[in-house]
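Next comes upload32.pdb, with PDB, C-alpha atoms, pLDDT in the B column.
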MODEL        1
ATOM      1  CA  MET A   1     -55.995-148.105 -92.188  1.00 85.00           C
ATOM      2  CA  MET A   2     -59.737-147.510 -91.965  1.00 93.00           C
ATOM      3  CA  ASN A   3     -61.295-144.118 -92.666  1.00 94.00           C
ATOM      4  CA  SER A   4     -63.237-143.694 -89.447  1.00 98.00           C
ATOM      5  CA  TRP A   5     -64.052-145.136 -86.051  1.00 98.00           C
ATOM      6  CA  ASN A   6     -67.547-145.869 -87.379  1.00 98.00           C
ATOM      7  CA  GLU A   7     -66.033-148.122 -89.995  1.00 98.00           C
ATOM      8  CA  PHE A   8     -63.928-149.780 -87.295  1.00 98.00           C
ATOM      9  CA  LEU A   9     -66.979-150.326 -85.052  1.00 98.00           C
ATOM     10  CA  GLU A  10     -69.010-151.767 -87.922  1.00 98.00           C
ATOM     11  CA  GLN A  11     -66.255-154.313 -88.549  1.00 98.00           C
ATOM     12  CA  GLU A  12     -66.045-155.251 -84.872  1.00 98.00           C
ATOM     13  CA  LYS A  13     -69.835-155.655 -84.599  1.00 97.00           C
ATOM     14  CA  LYS A  14     -69.659-158.511 -87.131  1.00 98.00           C
ATOM     15  CA  GLN A  15     -67.273-160.510 -84.971  1.00 98.00           C
ATOM     16  CA  ASP A  16     -68.455-163.176 -82.550  1.00 98.00           C
ATOM     17  CA  TYR A  17     -66.392-161.901 -79.622  1.00 98.00           C
ATOM     18  CA  PHE A  18     -68.015-158.449 -79.898  1.00 98.00           C
ATOM     19  CA  VAL A  19     -71.558-159.807 -80.072  1.00 98.00           C
ATOM     20  CA  GLU A  20     -70.838-161.856 -76.937  1.00 98.00           C
ATOM     21  CA  LEU A  21     -69.218-158.868 -75.237  1.00 98.00           C
ATOM     22  CA  MET A  22     -72.172-156.560 -75.890  1.00 98.00           C
ATOM     23  CA  ASN A  23     -74.573-159.254 -74.679  1.00 98.00           C
ATOM     24  CA  LYS A  24     -72.668-159.447 -71.388  1.00 98.00           C
ATOM     25  CA  VAL A  25     -72.768-155.653 -70.975  1.00 98.00           C
ATOM     26  CA  ASP A  26     -76.495-155.557 -71.820  1.00 98.00           C
ATOM     27  CA  GLU A  27     -77.220-158.335 -69.320  1.00 98.00           C
ATOM     28  CA  ALA A  28     -75.212-156.523 -66.650  1.00 98.00           C
ATOM     29  CA  ARG A  29     -77.242-153.344 -67.242  1.00 98.00           C
ATOM     30  CA  LYS A  30     -80.459-155.253 -66.456  1.00 98.00           C
ATOM     31  CA  THR A  31     -79.455-156.025 -62.876  1.00 97.00           C
ATOM     32  CA  ALA A  32     -77.010-153.272 -61.873  1.00 97.00           C
ATOM     33  CA  MET A  33     -75.871-149.732 -62.660  1.00 98.00           C
ATOM     34  CA  VAL A  34     -73.215-149.903 -65.352  1.00 98.00           C
ATOM     35  CA  TYR A  35     -70.949-146.999 -66.296  1.00 98.00           C
ATOM     36  CA  PRO A  36     -70.530-145.161 -68.549  1.00 98.00           C
ATOM     37  CA  PRO A  37     -74.123-144.807 -69.785  1.00 97.00           C
ATOM     38  CA  GLU A  38     -74.821-146.753 -72.974  1.00 97.00           C
ATOM     39  CA  ASP A  39     -74.869-143.653 -75.192  1.00 98.00           C
ATOM     40  CA  GLU A  40     -71.417-142.622 -73.920  1.00 98.00           C
ATOM     41  CA  LEU A  41     -69.704-146.008 -74.175  1.00 98.00           C
ATOM     42  CA  PHE A  42     -67.678-144.972 -77.233  1.00 98.00           C
ATOM     43  CA  SER A  43     -67.649-141.205 -76.734  1.00 98.00           C
ATOM     44  CA  CYS A  44     -63.849-141.105 -76.964  1.00 98.00           C
ATOM     45  CA  PHE A  45     -64.254-142.142 -80.626  1.00 98.00           C
ATOM     46  CA  GLU A  46     -66.991-139.583 -81.282  1.00 98.00           C
ATOM     47  CA  LEU A  47     -64.950-136.727 -79.816  1.00 98.00           C
ATOM     48  CA  CYS A  48     -61.638-137.704 -81.421  1.00 98.00           C
ATOM     49  CA  PRO A  49     -61.996-138.900 -85.046  1.00 98.00           C
ATOM     50  CA  LEU A  50     -59.604-141.625 -86.159  1.00 98.00           C
ATOM     51  CA  ASP A  51     -57.813-139.488 -88.755  1.00 97.00           C
ATOM     52  CA  GLN A  52     -57.242-136.709 -86.202  1.00 98.00           C
ATOM     53  CA  VAL A  53     -55.659-138.731 -83.375  1.00 98.00           C
ATOM     54  CA  LYS A  54     -52.369-137.160 -82.288  1.00 98.00           C
ATOM     55  CA  VAL A  55     -52.054-138.497 -78.740  1.00 99.00           C
ATOM     56  CA  VAL A  56     -53.410-141.631 -77.044  1.00 98.00           C
ATOM     57  CA  ILE A  57     -53.784-141.823 -73.250  1.00 98.00           C
ATOM     58  CA  ILE A  58     -54.548-145.383 -72.118  1.00 98.00           C
ATOM     59  CA  GLY A  59     -56.477-145.824 -68.867  1.00 97.00           C
ATOM     60  CA  GLN A  60     -57.550-149.043 -67.207  1.00 96.00           C
ATOM     61  CA  ASP A  61     -61.179-149.010 -66.051  1.00 94.00           C
ATOM     62  CA  PRO A  62     -64.005-146.457 -66.161  1.00 97.00           C
ATOM     63  CA  TYR A  63     -64.726-144.691 -62.868  1.00 97.00           C
ATOM     64  CA  HIS A  64     -67.304-146.742 -60.957  1.00 97.00           C
ATOM     65  CA  GLY A  65     -69.007-143.953 -58.977  1.00 96.00           C
ATOM     66  CA  ALA A  66     -72.338-142.375 -59.889  1.00 94.00           C
ATOM     67  CA  GLY A  67     -72.131-139.708 -62.583  1.00 94.00           C
ATOM     68  CA  GLN A  68     -68.363-139.926 -63.061  1.00 97.00           C
ATOM     69  CA  ALA A  69     -67.545-141.918 -66.201  1.00 98.00           C
ATOM     70  CA  HIS A  70     -68.528-140.611 -69.615  1.00 98.00           C
ATOM     71  CA  GLY A  71     -66.286-142.620 -71.916  1.00 98.00           C
ATOM     72  CA  LEU A  72     -62.953-140.739 -71.649  1.00 98.00           C
ATOM     73  CA  SER A  73     -60.209-142.177 -69.466  1.00 98.00           C
ATOM     74  CA  PHE A  74     -59.334-139.998 -66.436  1.00 98.00           C
ATOM     75  CA  SER A  75     -62.153-137.526 -67.255  1.00 98.00           C
ATOM     76  CA  VAL A  76     -65.316-136.933 -65.219  1.00 98.00           C
ATOM     77  CA  LYS A  77     -68.482-135.025 -65.984  1.00 96.00           C
ATOM     78  CA  PRO A  78     -68.833-131.362 -64.983  1.00 95.00           C
ATOM     79  CA  GLY A  79     -69.862-130.899 -61.355  1.00 95.00           C
ATOM     80  CA  VAL A  80     -68.281-134.179 -60.252  1.00 97.00           C
ATOM     81  CA  LYS A  81     -65.438-134.079 -57.711  1.00 97.00           C
ATOM     82  CA  ILE A  82     -62.033-134.328 -59.391  1.00 98.00           C
ATOM     83  CA  PRO A  83     -60.650-137.858 -58.750  1.00 97.00           C
ATOM     84  CA  PRO A  84     -57.221-138.299 -57.111  1.00 97.00           C
ATOM     85  CA  SER A  85     -55.359-139.465 -60.247  1.00 97.00           C
ATOM     86  CA  LEU A  86     -56.641-136.487 -62.220  1.00 98.00           C
ATOM     87  CA  ARG A  87     -55.662-134.136 -59.383  1.00 98.00           C
ATOM     88  CA  ASN A  88     -52.128-135.465 -59.730  1.00 98.00           C
ATOM     89  CA  ILE A  89     -52.256-135.035 -63.516  1.00 98.00           C
ATOM     90  CA  TYR A  90     -53.215-131.398 -62.924  1.00 98.00           C
ATOM     91  CA  LYS A  91     -50.346-130.990 -60.420  1.00 98.00           C
ATOM     92  CA  GLU A  92     -47.883-132.248 -63.026  1.00 98.00           C
ATOM     93  CA  LEU A  93     -49.454-129.995 -65.669  1.00 98.00           C
ATOM     94  CA  LYS A  94     -48.803-127.019 -63.373  1.00 98.00           C
ATOM     95  CA  SER A  95     -45.234-128.128 -62.707  1.00 98.00           C
ATOM     96  CA  ASP A  96     -44.522-128.915 -66.372  1.00 98.00           C
ATOM     97  CA  LEU A  97     -46.225-126.063 -68.266  1.00 98.00           C
ATOM     98  CA  ASP A  98     -47.321-123.709 -65.450  1.00 98.00           C
ATOM     99  CA  ILE A  99     -50.970-124.336 -66.335  1.00 98.00           C
ATOM    100  CA  ASP A 100     -53.367-123.948 -63.412  1.00 98.00           C
ATOM    101  CA  ALA A 101     -55.886-126.681 -62.637  1.00 98.00           C
ATOM    102  CA  PRO A 102     -59.449-125.878 -63.704  1.00 98.00           C
ATOM    103  CA  ASN A 103     -62.450-126.174 -61.367  1.00 98.00           C
ATOM    104  CA  HIS A 104     -63.571-129.437 -63.015  1.00 98.00           C
ATOM    105  CA  GLY A 105     -62.320-132.743 -64.428  1.00 98.00           C
ATOM    106  CA  TYR A 106     -64.022-132.610 -67.845  1.00 98.00           C
ATOM    107  CA  LEU A 107     -61.305-133.275 -70.451  1.00 98.00           C
ATOM    108  CA  VAL A 108     -63.393-132.940 -73.611  1.00 98.00           C
ATOM    109  CA  SER A 109     -61.352-130.016 -74.963  1.00 98.00           C
ATOM    110  CA  TRP A 110     -58.281-132.277 -75.042  1.00 98.00           C
ATOM    111  CA  ALA A 111     -60.240-134.929 -76.959  1.00 98.00           C
ATOM    112  CA  LYS A 112     -61.382-132.379 -79.538  1.00 98.00           C
ATOM    113  CA  GLN A 113     -57.746-131.507 -80.229  1.00 98.00           C
ATOM    114  CA  GLY A 114     -56.780-135.086 -81.028  1.00 98.00           C
ATOM    115  CA  VAL A 115     -56.148-136.661 -77.621  1.00 99.00           C
ATOM    116  CA  LEU A 116     -57.813-140.093 -77.585  1.00 99.00           C
ATOM    117  CA  MET A 117     -58.483-141.043 -73.956  1.00 98.00           C
ATOM    118  CA  MET A 118     -59.420-144.716 -73.975  1.00 98.00           C
ATOM    119  CA  ASN A 119     -59.658-147.345 -71.270  1.00 98.00           C
ATOM    120  CA  THR A 120     -58.708-150.990 -71.722  1.00 97.00           C
ATOM    121  CA  SER A 121     -61.987-152.012 -70.047  1.00 98.00           C
ATOM    122  CA  TRP A 122     -64.803-149.895 -71.445  1.00 98.00           C
ATOM    123  CA  SER A 123     -67.570-150.624 -68.908  1.00 98.00           C
ATOM    124  CA  VAL A 124     -67.852-151.302 -65.184  1.00 98.00           C
ATOM    125  CA  GLU A 125     -70.477-152.095 -62.563  1.00 98.00           C
ATOM    126  CA  GLU A 126     -71.141-149.412 -59.965  1.00 98.00           C
ATOM    127  CA  GLY A 127     -68.795-149.720 -56.993  1.00 98.00           C
ATOM    128  CA  LYS A 128     -66.923-152.717 -58.436  1.00 98.00           C
ATOM    129  CA  ALA A 129     -63.612-151.796 -60.022  1.00 96.00           C
ATOM    130  CA  GLY A 130     -62.520-154.189 -62.757  1.00 96.00           C
ATOM    131  CA  SER A 131     -65.856-156.000 -62.776  1.00 98.00           C
ATOM    132  CA  HIS A 132     -66.112-156.154 -66.579  1.00 98.00           C
ATOM    133  CA  LYS A 133     -62.477-156.641 -67.482  1.00 94.00           C
ATOM    134  CA  LYS A 134     -63.003-160.313 -68.376  1.00 96.00           C
ATOM    135  CA  PHE A 135     -66.009-159.623 -70.619  1.00 98.00           C
ATOM    136  CA  GLY A 136     -63.840-159.479 -73.749  1.00 97.00           C
ATOM    137  CA  TRP A 137     -62.876-155.814 -73.778  1.00 98.00           C
ATOM    138  CA  THR A 138     -59.184-156.729 -74.094  1.00 96.00           C
ATOM    139  CA  THR A 139     -59.779-158.014 -77.625  1.00 98.00           C
ATOM    140  CA  PHE A 140     -61.651-154.850 -78.572  1.00 98.00           C
ATOM    141  CA  THR A 141     -58.890-152.641 -77.141  1.00 98.00           C
ATOM    142  CA  ASP A 142     -56.215-154.669 -78.947  1.00 98.00           C
ATOM    143  CA  HIS A 143     -58.075-154.197 -82.245  1.00 98.00           C
ATOM    144  CA  ALA A 144     -58.457-150.434 -81.699  1.00 98.00           C
ATOM    145  CA  LEU A 145     -54.752-150.074 -80.894  1.00 98.00           C
ATOM    146  CA  ALA A 146     -53.822-152.200 -83.908  1.00 98.00           C
ATOM    147  CA  GLU A 147     -55.814-149.780 -86.076  1.00 98.00           C
ATOM    148  CA  LEU A 148     -53.967-146.803 -84.561  1.00 98.00           C
ATOM    149  CA  ASN A 149     -50.656-148.583 -85.105  1.00 98.00           C
ATOM    150  CA  LYS A 150     -51.344-148.507 -88.871  1.00 98.00           C
ATOM    151  CA  SER A 151     -51.552-144.719 -88.930  1.00 97.00           C
ATOM    152  CA  GLU A 152     -49.132-142.984 -91.282  1.00 96.00           C
ATOM    153  CA  GLN A 153     -49.388-139.874 -89.089  1.00 97.00           C
ATOM    154  CA  PRO A 154     -47.092-139.941 -86.045  1.00 98.00           C
ATOM    155  CA  ILE A 155     -48.979-140.567 -82.787  1.00 98.00           C
ATOM    156  CA  VAL A 156     -47.660-140.179 -79.229  1.00 98.00           C
ATOM    157  CA  PHE A 157     -48.858-142.867 -76.812  1.00 98.00           C
ATOM    158  CA  ILE A 158     -48.855-141.799 -73.161  1.00 98.00           C
ATOM    159  CA  LEU A 159     -48.466-144.970 -71.121  1.00 98.00           C
ATOM    160  CA  TRP A 160     -48.861-144.322 -67.411  1.00 97.00           C
ATOM    161  CA  GLY A 161     -48.201-147.471 -65.393  1.00 96.00           C
ATOM    162  CA  ASN A 162     -47.568-151.130 -66.171  1.00 95.00           C
ATOM    163  CA  HIS A 163     -51.124-151.802 -67.299  1.00 95.00           C
ATOM    164  CA  ALA A 164     -50.991-149.183 -70.066  1.00 97.00           C
ATOM    165  CA  ILE A 165     -47.467-150.224 -71.060  1.00 98.00           C
ATOM    166  CA  ALA A 166     -48.618-153.842 -71.439  1.00 98.00           C
ATOM    167  CA  ALA A 167     -51.732-152.804 -73.392  1.00 98.00           C
ATOM    168  CA  ALA A 168     -49.589-150.998 -75.976  1.00 98.00           C
ATOM    169  CA  LYS A 169     -47.119-153.829 -76.498  1.00 98.00           C
ATOM    170  CA  GLY A 170     -48.305-154.254 -80.115  1.00 98.00           C
ATOM    171  CA  ILE A 171     -47.503-150.655 -81.092  1.00 98.00           C
ATOM    172  CA  ASP A 172     -44.418-151.175 -83.258  1.00 98.00           C
ATOM    173  CA  ASN A 173     -44.837-148.669 -86.091  1.00 98.00           C
ATOM    174  CA  PRO A 174     -41.604-146.603 -86.021  1.00 98.00           C
ATOM    175  CA  LYS A 175     -43.575-143.432 -86.793  1.00 98.00           C
ATOM    176  CA  HIS A 176     -45.128-143.549 -83.318  1.00 98.00           C
ATOM    177  CA  THR A 177     -43.602-142.629 -79.937  1.00 98.00           C
ATOM    178  CA  LEU A 178     -44.267-144.486 -76.689  1.00 98.00           C
ATOM    179  CA  LEU A 179     -43.879-142.320 -73.583  1.00 98.00           C
ATOM    180  CA  LYS A 180     -43.708-144.770 -70.690  1.00 98.00           C
ATOM    181  CA  GLY A 181     -44.078-143.555 -67.139  1.00 97.00           C
ATOM    182  CA  VAL A 182     -45.461-144.016 -63.646  1.00 97.00           C
ATOM    183  CA  HIS A 183     -49.235-144.018 -63.075  1.00 97.00           C
ATOM    184  CA  PRO A 184     -50.611-140.778 -61.572  1.00 98.00           C
ATOM    185  CA  SER A 185     -52.624-142.549 -58.864  1.00 96.00           C
ATOM    186  CA  PRO A 186     -51.779-141.505 -55.277  1.00 95.00           C
ATOM    187  CA  LEU A 187     -50.381-145.004 -54.676  1.00 90.00           C
ATOM    188  CA  ALA A 188     -47.770-144.652 -57.411  1.00 92.00           C
ATOM    189  CA  ALA A 189     -47.287-140.994 -58.365  1.00 88.00           C
ATOM    190  CA  ASN A 190     -44.451-140.261 -55.947  1.00 90.00           C
ATOM    191  CA  GLY A 191     -42.425-142.997 -57.614  1.00 92.00           C
ATOM    192  CA  GLY A 192     -41.664-140.884 -60.658  1.00 95.00           C
ATOM    193  CA  PHE A 193     -44.859-139.447 -62.102  1.00 98.00           C
ATOM    194  CA  PHE A 194     -44.175-136.026 -60.624  1.00 97.00           C
ATOM    195  CA  GLY A 195     -41.445-134.318 -62.606  1.00 97.00           C
ATOM    196  CA  SER A 196     -41.877-136.558 -65.670  1.00 98.00           C
ATOM    197  CA  LYS A 197     -43.018-133.597 -67.844  1.00 98.00           C
ATOM    198  CA  PRO A 198     -45.287-135.607 -70.184  1.00 98.00           C
ATOM    199  CA  PHE A 199     -47.153-132.598 -71.573  1.00 98.00           C
ATOM    200  CA  SER A 200     -44.118-130.657 -72.768  1.00 98.00           C
ATOM    201  CA  GLN A 201     -42.607-133.887 -74.144  1.00 98.00           C
ATOM    202  CA  VAL A 202     -45.753-134.621 -76.139  1.00 98.00           C
ATOM    203  CA  ASN A 203     -45.864-131.125 -77.584  1.00 98.00           C
ATOM    204  CA  ALA A 204     -42.182-131.198 -78.536  1.00 98.00           C
ATOM    205  CA  ILE A 205     -42.695-134.487 -80.417  1.00 98.00           C
ATOM    206  CA  LEU A 206     -45.874-133.265 -82.147  1.00 98.00           C
ATOM    207  CA  GLU A 207     -44.239-130.017 -83.232  1.00 98.00           C
ATOM    208  CA  ALA A 208     -41.123-131.826 -84.476  1.00 98.00           C
ATOM    209  CA  ASN A 209     -43.434-133.927 -86.650  1.00 97.00           C
ATOM    210  CA  GLY A 210     -45.393-130.937 -87.928  1.00 97.00           C
ATOM    211  CA  ARG A 211     -48.606-131.980 -86.183  1.00 97.00           C
ATOM    212  CA  GLY A 212     -49.092-128.946 -83.924  1.00 97.00           C
ATOM    213  CA  ALA A 213     -49.025-128.801 -80.142  1.00 98.00           C
ATOM    214  CA  ILE A 214     -51.958-129.588 -77.838  1.00 98.00           C
ATOM    215  CA  ASP A 215     -53.312-126.658 -75.813  1.00 98.00           C
ATOM    216  CA  TRP A 216     -53.506-128.381 -72.427  1.00 98.00           C
ATOM    217  CA  GLN A 217     -55.154-125.363 -70.747  1.00 98.00           C
ATOM    218  CA  LEU A 218     -58.665-126.196 -69.530  1.00 98.00           C
ATOM    219  CA  GLU A 219     -61.020-123.283 -68.972  1.00 97.00           C
ATOM    220  CA  ASP A 220     -63.104-123.165 -65.803  1.00 98.00           C
ATOM    221  CA  LEU A 221     -66.731-124.174 -66.218  1.00 96.00           C
TER     222      LEU A 221
ENDMDL
END

Written as C-alpha cells, how would this file's structure read?
Amino acid sequence: MMNSWNEFLEQEKKQDYFVELMNKVDEARKTAMVYPPEDELFSCFELCPLDQVKVVIIGQDPYHGAGQAHGLSFSVKPGVKIPPSLRNIYKELKSDLDIDAPNHGYLVSWAKQGVLMMNTSWSVEEGKAGSHKKFGWTTFTDHALAELNKSEQPIVFILWGNHAIAAAKGIDNPKHTLLKGVHPSPLAANGGFFGSKPFSQVNAILEANGRGAIDWQLEDL
C-alpha cells in the first residue's frame, strides 16, 4: 500500500487515462461552470489522509448547483441549503444515535476523523447530473478503491444504493466490512434506508477492531 494520497495521485498522473481525463475536465471548464472548483477536486483526500481512513462513503456525482460541491460526497458548503439526501441522512442519524441535525450540510468534521467521502464521478457540469461520468473517472475511482482494499487496517465501506455497491465490487480484503443499504435519496429512502442504523453499526465495528468510534455530532455553524 502507498504511504499517502499524494503518492497515489502522482502515480495516476503518469497514466494515459488520467492525462486524457484531466484534459477533458479542463476543456469543460473553458465553456461551462464545472463543480467542484479545481482546487477542491480532491479535497476528500486532503481532509482524510490515506493512512487514517476508517470509513468510506461512496457517492455518485458531485452536486451540480452553484456553490454546493466541494469535493466530499453528500456534503455542501456552509450557507448552502441542505440537499434532500443529506436531510434524510440527518433523519437517520437522529433515529439511530439521537443526534440532532445541524444548521448546515458541511461534513468536514467527519472527514477529519477518518471518513473518506468520495464520489465515483469527481466532476460535473452545472445543472447536468452525470455529465462527466464517461470522462474516465471510473478508472480513477477503481484505482483509489483498489488502494484502500490493500489497507492492513480494517475499513468500513458504507454502500448506499446499487451504484455504490457496484463501485465497491473489488473490495475483497477480509479485514474490511461492506455495509450495503438503500440510498438516502427521497426516491429510495423509504425502501429501507430509514431504520438501517448505519452510524451505530459503523461505530460498533470500528470499536471491535480497536480503531475508535466516529463522533457523528456536527456542531452548528

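Here, the PyMOL selection byres ((chain A and resi 174) around 12) matches A:Asn149, A:Lys150, A:Ser151, A:Glu152, A:Gln153, A:Pro154, A:Ile155, A:Val156, A:Gly170, A:Ile171, A:Asp172, A:Asn173, A:Lys175, A:His176, A:Thr177, A:Leu178.
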
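When the PyMOL selection byres ((chain A and resi 34) around 6) is evaluated on the file shown here, the picked residues come out as Arg29, Met33, Tyr35, Val124, Glu125 and Glu126 of chain A.
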
Apply the PyMOL selection byres ((chain A and resi 3-7) around 7) to the file shown and report the selected residues as a list in words.
-> Met1, Met2, Phe8, Leu9, Glu10, Gln11, Phe45, Pro49, Leu50 and Asp51 of chain A

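Nearest residue to Leu21 (chain A) among A:Lys197, A:Gln217, A:Trp137, A:Ala144 is A:Trp137, counting only C-alpha atoms.
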
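You will find CA of Phe193 (chain A) at 12.0 Å from CA of Ile158 (chain A).
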
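We find CA of Ile82 (chain A) and CA of Gly105 (chain A) to be spaced 5.3 Å apart.
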
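We find CA of Gln60 (chain A) and CA of Ser43 (chain A) to be spaced 15.9 Å apart.
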
Any idea what's packed within 9 Å of Thr138 (chain A), counting all atoms listed in the file, ignoring anything in its chain fewer than 6 positions away? Could you give it as a short mmCIF file (atom, residue, chain, number, x, y, z; two decimals) with C-alpha atoms, in the coordinates of the input?
data_model
loop_
_atom_site.label_atom_id
_atom_site.label_comp_id
_atom_site.auth_asym_id
_atom_site.auth_seq_id
_atom_site.Cartn_x
_atom_site.Cartn_y
_atom_site.Cartn_z
CA THR A 120 -58.71 -150.99 -71.72
CA SER A 121 -61.99 -152.01 -70.05
CA ALA A 167 -51.73 -152.80 -73.39
#

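Ranking A:Val25, A:Ala32, A:Leu107, A:Leu148 by their shortest atom-to-atom distance to Val76 (chain A), with all atoms listed in the file included, puts A:Leu107 first.
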
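Closest approach to Val115 (chain A) among A:Lys169, A:Lys128, A:His183, A:Lys54: A:Lys54, based on only C-alpha atoms.
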
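Among A:Ile58, A:Phe135, A:Asn88, A:Glu46, the residue with the shortest atom-to-atom distance to Lys24 (chain A), counting only C-alpha atoms, is A:Phe135.
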
Using only C-alpha atoms, which of A:Pro78, A:Lys112, A:Gly127, A:Lys134 sits nearest Tyr17 (chain A)?
-> A:Lys134

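Environment of (-57.9, -133.2, -78.6): residues at most 9 Å away, judged by all atoms listed in the file, are A:Leu47, A:Cys48, A:Gln52, A:Val53, A:Lys54, A:Val55, A:Leu107, A:Val108, A:Ser109, A:Trp110, A:Ala111, A:Lys112, A:Gln113, A:Gly114, A:Val115, A:Leu116, A:Ile214, A:Asp215, A:Trp216.
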
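The nearest approach to Glu219 (chain A) among the residues A:Lys81, A:His104, A:Arg87, A:Lys13, with all atoms listed in the file taken into account, belongs to A:His104.
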